[in-house]
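Everything below belongs to work-v9.pdb, which stores PDB, C-alpha atoms.
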```pdb
MODEL        1
ATOM      1  CA  MET B  86     -45.744 -50.519  -6.242  1.00  0.00           C
ATOM      2  CA  ALA B  87     -48.335 -50.825  -3.533  1.00  0.00           C
ATOM      3  CA  VAL B  88     -48.305 -48.340  -0.641  1.00  0.00           C
ATOM      4  CA  TYR B  89     -48.616 -49.521   2.963  1.00  0.00           C
ATOM      5  CA  SER B  90     -48.845 -47.970   6.436  1.00  0.00           C
ATOM      6  CA  LEU B  91     -48.655 -49.180  10.002  1.00  0.00           C
ATOM      7  CA  GLY B  92     -49.254 -47.524  13.349  1.00  0.00           C
ATOM      8  CA  GLN B  93     -48.218 -49.154  16.619  1.00  0.00           C
ATOM      9  CA  ARG B  94     -48.034 -48.157  20.274  1.00  0.00           C
ATOM     10  CA  ALA B  95     -45.105 -49.042  22.507  1.00  0.00           C
ATOM     11  CA  THR B  96     -45.450 -49.033  26.274  1.00  0.00           C
ATOM     12  CA  GLY B  97     -41.980 -48.595  27.613  1.00  0.00           C
ATOM     13  CA  PHE B  98     -38.925 -46.549  26.852  1.00  0.00           C
ATOM     14  CA  THR B  99     -35.513 -47.877  27.857  1.00  0.00           C
ATOM     15  CA  ALA B 100     -32.196 -46.208  27.025  1.00  0.00           C
ATOM     16  CA  GLY B 101     -29.837 -48.253  24.870  1.00  0.00           C
ATOM     17  CA  THR B 102     -32.536 -50.438  23.306  1.00  0.00           C
ATOM     18  CA  ALA B 103     -34.700 -50.718  20.216  1.00  0.00           C
ATOM     19  CA  LEU B 104     -38.109 -49.145  20.580  1.00  0.00           C
ATOM     20  CA  TRP B 105     -39.483 -50.385  17.245  1.00  0.00           C
ATOM     21  CA  GLU B 106     -38.237 -52.641  14.474  1.00  0.00           C
ATOM     22  CA  LEU B 107     -39.508 -52.686  10.876  1.00  0.00           C
ATOM     23  CA  ARG B 108     -38.643 -56.076   9.352  1.00  0.00           C
ATOM     24  CA  THR B 109     -38.769 -57.404   5.800  1.00  0.00           C
ATOM     25  CA  ALA B 110     -39.618 -60.938   4.724  1.00  0.00           C
ATOM     26  CA  ALA B 111     -37.283 -63.466   3.101  1.00  0.00           C
ATOM     27  CA  ALA B 112     -38.535 -62.647  -0.396  1.00  0.00           C
ATOM     28  CA  ALA B 113     -39.217 -58.914  -0.242  1.00  0.00           C
ATOM     29  CA  ARG B 114     -37.578 -55.598   0.411  1.00  0.00           C
ATOM     30  CA  ALA B 115     -39.274 -52.360   1.332  1.00  0.00           C
ATOM     31  CA  ARG B 116     -38.836 -48.624   0.903  1.00  0.00           C
ATOM     32  CA  LEU B 117     -39.685 -46.257   3.761  1.00  0.00           C
ATOM     33  CA  HIS B 118     -41.158 -42.864   2.935  1.00  0.00           C
ATOM     34  CA  VAL B 119     -42.058 -41.667   6.448  1.00  0.00           C
ATOM     35  CA  VAL B 120     -41.380 -42.658  10.053  1.00  0.00           C
ATOM     36  CA  SER B 121     -43.132 -40.719  12.811  1.00  0.00           C
ATOM     37  CA  LEU B 122     -43.163 -40.931  16.611  1.00  0.00           C
ATOM     38  CA  SER B 123     -45.054 -39.055  19.297  1.00  0.00           C
ATOM     39  CA  ALA B 124     -44.617 -39.275  23.057  1.00  0.00           C
ATOM     40  CA  SER B 125     -44.773 -37.446  26.324  1.00  0.00           C
ATOM     41  CA  ILE B 126     -41.277 -37.702  27.788  1.00  0.00           C
ATOM     42  CA  ALA B 127     -41.207 -37.629  31.592  1.00  0.00           C
ATOM     43  CA  THR B 128     -37.517 -36.650  31.756  1.00  0.00           C
ATOM     44  CA  SER B 129     -35.556 -34.514  29.341  1.00  0.00           C
ATOM     45  CA  GLY B 130     -32.702 -35.482  27.132  1.00  0.00           C
ATOM     46  CA  PRO B 131     -33.392 -38.763  25.315  1.00  0.00           C
ATOM     47  CA  ARG B 132     -31.969 -39.126  21.825  1.00  0.00           C
ATOM     48  CA  LEU B 133     -34.075 -41.122  19.387  1.00  0.00           C
ATOM     49  CA  ALA B 134     -32.559 -42.395  16.155  1.00  0.00           C
ATOM     50  CA  LEU B 135     -33.246 -44.549  13.103  1.00  0.00           C
ATOM     51  CA  GLY B 136     -30.674 -47.033  11.814  1.00  0.00           C
ATOM     52  CA  ARG B 137     -29.939 -50.519  10.577  1.00  0.00           C
ATOM     53  CA  PRO B 138     -29.227 -52.844  13.511  1.00  0.00           C
ATOM     54  CA  ALA B 139     -26.015 -54.849  13.536  1.00  0.00           C
ATOM     55  CA  ALA B 140     -28.288 -57.915  13.988  1.00  0.00           C
ATOM     56  CA  ILE B 141     -32.069 -58.080  13.587  1.00  0.00           C
ATOM     57  CA  GLY B 142     -34.294 -59.082  16.489  1.00  0.00           C
ATOM     58  CA  VAL B 143     -34.960 -62.785  17.020  1.00  0.00           C
ATOM     59  CA  THR B 144     -38.428 -64.207  17.693  1.00  0.00           C
ATOM     60  CA  PRO B 145     -40.503 -61.009  17.581  1.00  0.00           C
ATOM     61  CA  THR B 146     -43.481 -61.041  19.928  1.00  0.00           C
ATOM     62  CA  SER B 147     -46.824 -60.344  18.206  1.00  0.00           C
ATOM     63  CA  PRO B 148     -45.475 -58.526  15.126  1.00  0.00           C
ATOM     64  CA  GLN B 149     -48.002 -56.593  13.029  1.00  0.00           C
ATOM     65  CA  THR B 150     -47.995 -56.484   9.223  1.00  0.00           C
ATOM     66  CA  TRP B 151     -48.205 -53.333   7.074  1.00  0.00           C
ATOM     67  CA  LEU B 152     -51.715 -52.493   5.841  1.00  0.00           C
ATOM     68  CA  ALA B 153     -52.293 -51.834   2.131  1.00  0.00           C
ATOM     69  CA  HIS B 154     -53.783 -48.430   1.282  1.00  0.00           C
ATOM     70  CA  ASP B 155     -55.634 -49.969  -1.676  1.00  0.00           C
ATOM     71  CA  PRO B 156     -57.631 -53.072  -0.666  1.00  0.00           C
ATOM     72  CA  ASN B 157     -56.989 -54.515  -4.150  1.00  0.00           C
ATOM     73  CA  ASP B 158     -53.215 -54.549  -3.595  1.00  0.00           C
ATOM     74  CA  PRO B 159     -51.492 -57.671  -2.246  1.00  0.00           C
ATOM     75  CA  ALA B 160     -51.138 -58.062   1.493  1.00  0.00           C
ATOM     76  CA  GLY B 161     -48.042 -56.443   2.945  1.00  0.00           C
ATOM     77  CA  THR B 162     -45.081 -58.489   4.126  1.00  0.00           C
ATOM     78  CA  VAL B 163     -43.184 -55.919   6.223  1.00  0.00           C
ATOM     79  CA  GLN B 164     -43.805 -56.269   9.948  1.00  0.00           C
ATOM     80  CA  GLY B 165     -43.428 -53.944  12.900  1.00  0.00           C
ATOM     81  CA  ALA B 166     -42.171 -55.476  16.147  1.00  0.00           C
ATOM     82  CA  LEU B 167     -42.099 -53.981  19.651  1.00  0.00           C
ATOM     83  CA  ALA B 168     -40.676 -56.917  21.641  1.00  0.00           C
ATOM     84  CA  TRP B 169     -38.454 -59.910  20.913  1.00  0.00           C
ATOM     85  CA  GLY B 170     -37.014 -63.046  22.447  1.00  0.00           C
ATOM     86  CA  THR B 171     -33.653 -61.413  21.670  1.00  0.00           C
ATOM     87  CA  GLY B 172     -33.806 -57.755  20.690  1.00  0.00           C
ATOM     88  CA  PRO B 173     -32.010 -56.129  17.756  1.00  0.00           C
ATOM     89  CA  THR B 174     -28.485 -54.958  18.435  1.00  0.00           C
ATOM     90  CA  ALA B 175     -27.370 -51.334  18.258  1.00  0.00           C
ATOM     91  CA  PRO B 176     -26.785 -49.839  14.817  1.00  0.00           C
ATOM     92  CA  VAL B 177     -23.225 -48.818  14.014  1.00  0.00           C
ATOM     93  CA  GLY B 178     -24.557 -45.516  12.624  1.00  0.00           C
ATOM     94  CA  PHE B 179     -27.877 -43.710  12.277  1.00  0.00           C
ATOM     95  CA  PHE B 180     -29.672 -42.110   9.335  1.00  0.00           C
ATOM     96  CA  VAL B 181     -31.312 -39.522  11.599  1.00  0.00           C
ATOM     97  CA  GLN B 182     -31.306 -38.760  15.309  1.00  0.00           C
ATOM     98  CA  ARG B 183     -32.945 -36.137  17.457  1.00  0.00           C
ATOM     99  CA  LEU B 184     -32.610 -34.925  21.019  1.00  0.00           C
ATOM    100  CA  VAL B 185     -36.165 -34.660  22.389  1.00  0.00           C
ATOM    101  CA  PHE B 186     -37.826 -32.907  25.341  1.00  0.00           C
ATOM    102  CA  ASN B 187     -41.252 -33.147  27.014  1.00  0.00           C
ATOM    103  CA  GLN B 188     -44.065 -33.427  24.434  1.00  0.00           C
ATOM    104  CA  VAL B 189     -42.519 -34.581  21.171  1.00  0.00           C
ATOM    105  CA  ILE B 190     -43.577 -35.413  17.650  1.00  0.00           C
ATOM    106  CA  LEU B 191     -40.828 -36.608  15.325  1.00  0.00           C
ATOM    107  CA  TYR B 192     -41.600 -36.788  11.633  1.00  0.00           C
ATOM    108  CA  TRP B 193     -38.796 -38.180   9.500  1.00  0.00           C
ATOM    109  CA  THR B 194     -39.418 -38.090   5.753  1.00  0.00           C
ATOM    110  CA  PHE B 195     -37.256 -39.590   3.049  1.00  0.00           C
ATOM    111  CA  PRO B 196     -37.670 -37.872  -0.362  1.00  0.00           C
ATOM    112  CA  VAL B 197     -35.451 -40.664  -1.669  1.00  0.00           C
ATOM    113  CA  PRO B 198     -36.956 -43.675   0.133  1.00  0.00           C
ATOM    114  CA  LEU B 199     -34.858 -45.544   2.682  1.00  0.00           C
ATOM    115  CA  VAL B 200     -34.534 -49.181   1.560  1.00  0.00           C
ATOM    116  CA  ILE B 201     -34.807 -52.131   3.918  1.00  0.00           C
ATOM    117  CA  ALA B 202     -33.043 -55.106   2.301  1.00  0.00           C
ATOM    118  CA  ILE B 203     -34.478 -58.615   2.080  1.00  0.00           C
ATOM    119  CA  SER B 204     -34.570 -60.376   5.492  1.00  0.00           C
ATOM    120  CA  SER B 205     -33.344 -57.232   7.203  1.00  0.00           C
ATOM    121  CA  SER B 206     -34.664 -54.376   9.309  1.00  0.00           C
ATOM    122  CA  VAL B 207     -34.365 -50.821  10.556  1.00  0.00           C
ATOM    123  CA  VAL B 208     -34.930 -49.833  14.159  1.00  0.00           C
ATOM    124  CA  VAL B 209     -35.966 -46.774  16.087  1.00  0.00           C
ATOM    125  CA  TRP B 210     -33.340 -46.732  18.817  1.00  0.00           C
ATOM    126  CA  ASN B 211     -33.368 -44.930  22.162  1.00  0.00           C
ATOM    127  CA  ILE B 212     -29.710 -43.880  22.325  1.00  0.00           C
ATOM    128  CA  ALA B 213     -29.791 -42.346  25.792  1.00  0.00           C
ATOM    129  CA  GLY B 214     -32.087 -41.181  28.559  1.00  0.00           C
ATOM    130  CA  GLY B 215     -35.717 -40.339  29.065  1.00  0.00           C
ATOM    131  CA  THR B 216     -38.745 -42.189  30.350  1.00  0.00           C
ATOM    132  CA  SER B 217     -42.151 -42.455  28.752  1.00  0.00           C
ATOM    133  CA  THR B 218     -45.060 -44.793  29.299  1.00  0.00           C
ATOM    134  CA  VAL B 219     -46.489 -44.594  25.758  1.00  0.00           C
ATOM    135  CA  VAL B 220     -44.929 -43.930  22.355  1.00  0.00           C
ATOM    136  CA  ASP B 221     -47.114 -43.882  19.227  1.00  0.00           C
ATOM    137  CA  MET B 222     -45.303 -44.738  16.004  1.00  0.00           C
ATOM    138  CA  PHE B 223     -46.284 -44.589  12.331  1.00  0.00           C
ATOM    139  CA  THR B 224     -44.627 -45.571   9.094  1.00  0.00           C
ATOM    140  CA  ARG B 225     -45.554 -45.438   5.406  1.00  0.00           C
ATOM    141  CA  GLY B 226     -43.720 -47.145   2.590  1.00  0.00           C
ATOM    142  CA  ASP B 227     -43.945 -49.491  -0.359  1.00  0.00           C
ATOM    143  CA  GLU B 228     -42.863 -53.001  -1.268  1.00  0.00           C
TER     144      GLU B 228
ENDMDL
END
```
Using the file provided, produce a representation of the structure as structure tokens.
Amino acid sequence: MAVYSLGQRATGFTAGTALWELRTAAAARARLHVVSLSASIATSGPRLALGRPAAIGVTPTSPQTWLAHDPNDPAGTVQGALAWGTGPTAPVGFFVQRLVFNQVILYWTFPVPLVIAISSSVVVWNIAGGTSTVVDMFTRGDE
């Protein structure tokens, strides 16, 4: 399997919304190995989490596609989205969640990769609180 990565920057941080969505194509699924976020949180107490949304986002705005580590591998099909016509809905449950304060770097690793099904997604969700102007995000996985 080919290995891919993607780094994106979000400008905005709203409680009760998706911060980042990783979406698969109609003919492919993906396996996440790592998801990482870093930010400077202006207020304390936000909880950030990773889960499968009840419904994926509709009409993502300027999604970016995973980049292959080996230039001889096929182009990636998984996309990262930061904004949508209609955003993803809240997950029913979360794989991981963390309460964060001030300067934060979250690094979630999955020794057994987390699978994103065909035509599906996972989201980084801001459960509650906090304000930040910039959040840098990174993921690595395979298709």
Of B:Pro156, B:Gly178, B:Gly142, B:Gly161, the one nearest to B:Leu104 when counting all atoms listed in the file is B:Gly142
Find the spatial neighbours of B:Ala213, counting only C-alpha atoms, within a cut-off of 9 Å - ignore same-chain residues fewer than 2 positions away - and output them as a PyMOL selection string. chain B and resi 99-102+130-133+210-211+215
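Residue neighbourhood of B:Tyr89, excluding near-sequence residues (fewer than 3 positions): Trp151, Leu152, Ala153, His154, Gly161, Arg225, Gly226 and Asp227 of chain B, at 7 Å, using all atoms listed in the file.
Closest to B:Met222 among B:Leu191, B:Phe180, B:Ala168, B:Thr109 is B:Leu191, based on only C-alpha atoms.
Nearest to B:Pro148 of all the residues B:Ser206, B:Gln164, B:Ser90, B:Ser125 is B:Gln164, counting all atoms listed in the file.
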Evaluating the PyMOL selection byres ((chain B and resi 166) around 9) on the displayed file yields which residues, as a VMD selection string? chain B and resid 93 104 to 108 142 145 to 149 164 to 165 167 to 169
May I have the protein, DNA and RNA residues with an atom at most 9 Å from (-44.5, -40.8, 13.4), counting all atoms listed in the file in the file's coordinates, returned as a list in words? Gly92, Val119, Val120, Ser121, Leu122, Ser123, Ile190, Leu191, Tyr192, Trp193, Asp221, Met222, Phe223 and Thr224 of chain B
Residues matched by the PyMOL selection byres ((chain B and resi 197-199) around 9) as a compact mmCIF listing (two decimals) with C-alpha atoms, in the frame of the given file:
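Everything below was put into out_33.txt:
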```txt
# COMPACT_ATOMS: atom_id res chain seq x y z
CA ALA B 115 -39.27 -52.36 1.33
CA ARG B 116 -38.84 -48.62 0.90
CA LEU B 117 -39.68 -46.26 3.76
CA HIS B 118 -41.16 -42.86 2.94
CA VAL B 119 -42.06 -41.67 6.45
CA THR B 194 -39.42 -38.09 5.75
CA PHE B 195 -37.26 -39.59 3.05
CA PRO B 196 -37.67 -37.87 -0.36
CA VAL B 200 -34.53 -49.18 1.56
CA ILE B 201 -34.81 -52.13 3.92
CA GLY B 226 -43.72 -47.14 2.59
```
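Compared by their closest atoms to B:Ala140, and using all atoms listed in the file, the residues B:Met86, B:Val177, B:Leu91, B:Val185 rank with B:Val177 nearest.
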Record the distance separating atom CA of B:Val88 and atom CA of B:Asp155, expressed in Å with one decimal. 7.6 Å
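When atom CA of B:Thr174 is paired with atom CA of B:Ala87, their separation reads 29.9 Å.
Note that the spacing between atom CA of B:Gly97 and atom CA of B:Ser205 amounts to 23.8 Å.
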Just add N, CA and C atoms to stretch 133-149 of chain B and send it as a compact mmCIF listing (two decimals), in the frame of the given file.
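part.txt written:
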```
# COMPACT_ATOMS: atom_id res chain seq x y z
N LEU B 133 -33.45 -40.07 20.17
CA LEU B 133 -34.08 -41.12 19.39
C LEU B 133 -33.47 -41.10 18.00
N ALA B 134 -33.25 -42.30 17.43
CA ALA B 134 -32.56 -42.40 16.16
C ALA B 134 -33.12 -43.55 15.33
N LEU B 135 -32.83 -43.51 14.03
CA LEU B 135 -33.25 -44.55 13.10
C LEU B 135 -32.01 -45.09 12.41
N GLY B 136 -31.84 -46.42 12.45
CA GLY B 136 -30.67 -47.03 11.81
C GLY B 136 -30.89 -48.50 11.53
N ARG B 137 -29.91 -49.08 10.84
CA ARG B 137 -29.94 -50.52 10.58
C ARG B 137 -29.22 -51.23 11.73
N PRO B 138 -29.89 -52.17 12.39
CA PRO B 138 -29.23 -52.84 13.51
C PRO B 138 -28.09 -53.73 13.02
N ALA B 139 -27.11 -53.94 13.87
CA ALA B 139 -26.02 -54.85 13.54
C ALA B 139 -26.56 -56.27 13.37
N ALA B 140 -27.60 -56.63 14.13
CA ALA B 140 -28.29 -57.92 13.99
C ALA B 140 -29.77 -57.68 14.26
N ILE B 141 -30.63 -58.26 13.40
CA ILE B 141 -32.07 -58.08 13.59
C ILE B 141 -32.53 -58.81 14.85
N GLY B 142 -33.72 -58.41 15.33
CA GLY B 142 -34.29 -59.08 16.49
C GLY B 142 -34.67 -60.52 16.16
N VAL B 143 -34.64 -61.37 17.18
CA VAL B 143 -34.96 -62.78 17.02
C VAL B 143 -36.26 -63.08 17.77
N THR B 144 -37.14 -63.81 17.12
CA THR B 144 -38.43 -64.21 17.69
C THR B 144 -39.23 -62.99 18.15
N PRO B 145 -39.68 -62.15 17.19
CA PRO B 145 -40.50 -61.01 17.58
C PRO B 145 -41.81 -61.48 18.22
N THR B 146 -42.25 -60.73 19.22
CA THR B 146 -43.48 -61.04 19.93
C THR B 146 -44.63 -60.26 19.29
N SER B 147 -45.62 -60.95 18.78
CA SER B 147 -46.82 -60.34 18.21
C SER B 147 -46.52 -59.25 17.18
N PRO B 148 -45.72 -59.54 16.15
CA PRO B 148 -45.48 -58.53 15.13
C PRO B 148 -46.76 -58.21 14.36
N GLN B 149 -46.85 -56.99 13.84
CA GLN B 149 -48.00 -56.59 13.03
C GLN B 149 -47.53 -56.29 11.61
```
